[in-house]
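Working notes, structure below.
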Number of protein chains: 2
Amino acid sequence: MVTAHEGSRAGSKAMATSTRTDVGRKRLGGTRLGTRGQPEESRAAILKAAVGEFAEHGVAGARTDAIARAAHVNKALLYYYFKDKDALYEAVLDHVFSGLRARVVPVLESKLLPREKMLEYLAAYFDYIAANPRFPRVVQAEWTRSPGKHTARMERIAREYFRPIYQKLVEVLQAGMETGDFRRVNPMDFLPSMVAVIVLYFSAAPVMKTLMKVDPLSAERIAERRAFVLEFISAALFARRP
Amino acid sequence: MVTAHEGSRAGSKAMATSTRTDVGRKRLGGTRLGTRGQPEESRAAILKAAVGEFAEHGVAGARTDAIARAAHVNKALLYYYFKDKDALYEAVLDHVFSGLRARVVPVLESKLLPREKMLEYLAAYFDYIAANPRFPRVVQAEWTRSPGKHTARMERIAREYFRPIYQKLVEVLQAGMETGDFRRVNPMDFLPSMVAVIVLYFSAAPVMKTLMKVDPLSAERIAERRAFVLEFISAALFARRP
DNA sequence: CTCTCCTAATTAACCAGTTAGTTAGATTAT
DNA sequence: ATAATCTAACTAACTGGTTAATTAGGAGAG
């Protein structure tokens, strides 16, 4: 028996073969799809379903059966593609953070001036989360626990994704402070606060829906929120010119 | 058989009777404590242990056996004092939020001017969380899930704790904006952002420990963080006088 | 071109360990 | 006694993970 989950990302070019829409897995008209069909589609479907389950119920509360059902796939297939529930969660984390990194690093490596670079960074971060509002919930599901083997995983995530971005942001801050564009702030305090303002709005969206009458995830509301976040951080960071 | 978990807060004055330290329930020297001993102490021990478990593992990941063990109490006693795991979690939420309300509402009802009142509010909020760094994690464990019967509970919590505080804060903001002390902000955006900045630092403490070399919960670090938060919100909210 | 055989992809059925919750009774203060 | 407080032992249901078997696309032989 051969499993697919060892070796990084086997056969990822297969993605382009089928032009069929991702209705995928459903058996329509008696034709039995799903057998020897689209391996990469299956993997993707599982991952997507896992995002939903983990976001909704947390990592311990997530049911592998439910993930399989949502992905229109047999449960054993989860274990064919991923070692176990935990590895699946780790794959989800990688999916989330590599996506963020892809959006954000180009901005940080651009030649913009500190002010503009910071604003572009914020916008890119915000837009990525706004396009995937469940991601903060998925992350915070595990993000908050301290001990155990979680630590090892968290350290990897931190090393691979956070640290490089963090480092570049520190440089932006220092540059801006030197030119006098930015107020003097401690990066260790300021940067997490930026993340907090962007992220918590989305992870708290369910509660906010019960608290306000507006839908916090409606397009207009999100546009407003976006403007606010940029304004808010600007006010907190940019020096007032005399 | 009689259970204690119906009727709100039965016999809560018993708390003051015993001056003994809360080593409590351990059977030391053959004396069998725990039987008809300190009912309110048992309840409190369970609640405290539950806070720890829920913070560490989330609501689904929390093990009732572990809670009982940590409280030095038989598991069945959980079900004597609380209807079920879910009710226990609800009790924990009430514990957390009533504590917060108790600290924060007096400030909001004081006669301070908008600027000072807002700063006092922030300080009170921050200090409460800093004294109980696990609380944000307990809350966010469930705070993020949308559907199901969670909704009913969330609505109760929102109505009972959030809404009154929120309302008072809106008034403070409006007063400050009218006097020109505050910049013009949308409360619906500004207030959650304040919470975000205070709270996320603590719920993310585990990750931050792996990211920075400093312990994010050390006394000095927390003092620094406190100053930063006040400064940060001030910069974002207070109008620059020309 | 087609018949085999190989193998990746997929599934139905199952199992062993766990876990929330229960029961029937014990202990003790009043 | 009687009722409040507490416990050891038990169970019903669930859940992560496994297994053995199945399906069909493709490669090579003829």
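Note on naming: chains are A, B, ... as they come in the structure tokens, residues start from 1 per chain, ligands start from 1 in the order shown.
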Point to revise | region 10-17 of chain D surroundings by only C-alpha atoms (C1' of nucleotides), 10 Å radius, close-in-sequence under 2 positions cut, as a ChimeraX atom specification | key: /A:63-65,75-76,79,83-85 /C:15-23 /D:8
Exercise for review: Using only C-alpha atoms, find which residues of chain B lie within 6 Å of chain A and jot them down as a VMD selection string.
Suggested key: chain B and resid 56 60 to 61 144 to 146 193 196 to 197 200 203 to 204 206 232 235 to 236
Exercise for review: If you run DSSP over the backbone, which residues in region 106-142 of chain A end up helix (DSSP H, G or I)? Put them as a PyMOL selection string.
Suggested key: chain A and resi 106-109+114-131+135-142
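Distance criterion 7 Å to chain A, applied with only C-alpha atoms (C1' of nucleotides), yields DA8, DA9, DT10 and DT11 of chain C on chain C.
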C-alpha atoms (C1' of nucleotides) of the current selection, written as an mmCIF file, in the first residue's frame:
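See again-v8.cif below for the written result:
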```cif
data_model
loop_
_atom_site.group_PDB
_atom_site.id
_atom_site.type_symbol
_atom_site.label_atom_id
_atom_site.label_comp_id
_atom_site.auth_asym_id
_atom_site.auth_seq_id
_atom_site.Cartn_x
_atom_site.Cartn_y
_atom_site.Cartn_z
ATOM 1 C "C1'" DA C 8 -2.560 5.372 -7.947
ATOM 2 C "C1'" DA C 9 -6.859 6.617 -6.133
ATOM 3 C "C1'" DT C 10 -10.756 5.470 -3.556
ATOM 4 C "C1'" DT C 11 -14.040 3.214 -0.519
#
```
Counting only C-alpha atoms (C1' of nucleotides), which residues in chain D sit no more than 8 Å from chain B? For each one, give the nearest pair of atoms and the distance in Å, sorted by chain then residue number, as JSON lines.
```
{"residue": "D:DA4", "atom": "C1'", "partner": "B:Arg36", "partner_atom": "CA", "distance": 7.1}
{"residue": "D:DT5", "atom": "C1'", "partner": "B:Arg36", "partner_atom": "CA", "distance": 4.4}
{"residue": "D:DC6", "atom": "C1'", "partner": "B:Thr35", "partner_atom": "CA", "distance": 5.1}
{"residue": "D:DT7", "atom": "C1'", "partner": "B:Asn74", "partner_atom": "CA", "distance": 6.4}
```
Same residues, N, CA and C atoms (P, O5', C5', C4', C3', O3' and C1' of nucleotides), output as a PDB file, in the first residue's frame:
```
ATOM      1  P    DA D   4     -31.004  19.740  50.793  1.00  0.00           P
ATOM      2  O5'  DA D   4     -29.417  19.886  50.881  1.00  0.00           O
ATOM      3  C5'  DA D   4     -28.867  20.599  51.978  1.00  0.00           C
ATOM      4  C4'  DA D   4     -27.389  20.322  52.058  1.00  0.00           C
ATOM      5  C3'  DA D   4     -26.618  20.544  50.758  1.00  0.00           C
ATOM      6  O3'  DA D   4     -25.412  21.227  51.070  1.00  0.00           O
ATOM      7  C1'  DA D   4     -26.280  18.333  51.520  1.00  0.00           C
ATOM      8  P    DT D   5     -24.419  21.719  49.927  1.00  0.00           P
ATOM      9  O5'  DT D   5     -23.343  20.543  49.879  1.00  0.00           O
ATOM     10  C5'  DT D   5     -22.622  20.229  51.064  1.00  0.00           C
ATOM     11  C4'  DT D   5     -21.754  19.019  50.844  1.00  0.00           C
ATOM     12  C3'  DT D   5     -20.884  19.041  49.582  1.00  0.00           C
ATOM     13  O3'  DT D   5     -19.531  18.938  49.993  1.00  0.00           O
ATOM     14  C1'  DT D   5     -21.926  16.949  49.843  1.00  0.00           C
ATOM     15  P    DC D   6     -18.361  19.042  48.914  1.00  0.00           P
ATOM     16  O5'  DC D   6     -18.200  17.516  48.475  1.00  0.00           O
ATOM     17  C5'  DC D   6     -17.680  16.585  49.439  1.00  0.00           C
ATOM     18  C4'  DC D   6     -17.772  15.186  48.905  1.00  0.00           C
ATOM     19  C3'  DC D   6     -17.048  14.922  47.583  1.00  0.00           C
ATOM     20  O3'  DC D   6     -15.866  14.184  47.849  1.00  0.00           O
ATOM     21  C1'  DC D   6     -19.111  13.739  47.776  1.00  0.00           C
ATOM     22  P    DT D   7     -14.830  13.934  46.709  1.00  0.00           P
ATOM     23  O5'  DT D   7     -15.116  12.400  46.393  1.00  0.00           O
ATOM     24  C5'  DT D   7     -15.218  11.482  47.466  1.00  0.00           C
ATOM     25  C4'  DT D   7     -15.609  10.121  46.947  1.00  0.00           C
ATOM     26  C3'  DT D   7     -14.898   9.700  45.664  1.00  0.00           C
ATOM     27  O3'  DT D   7     -14.233   8.476  45.885  1.00  0.00           O
ATOM     28  C1'  DT D   7     -17.243   9.319  45.501  1.00  0.00           C
TER      29       DT D   7
END
```
Practice item. Tell me which protein, DNA and RNA residues are within 10 Å of Ala223 (chain B), counting only C-alpha atoms (C1' of nucleotides), leaving out same-chain ones fewer than 6 positions away, and put them as a count of residues only. Key: 3
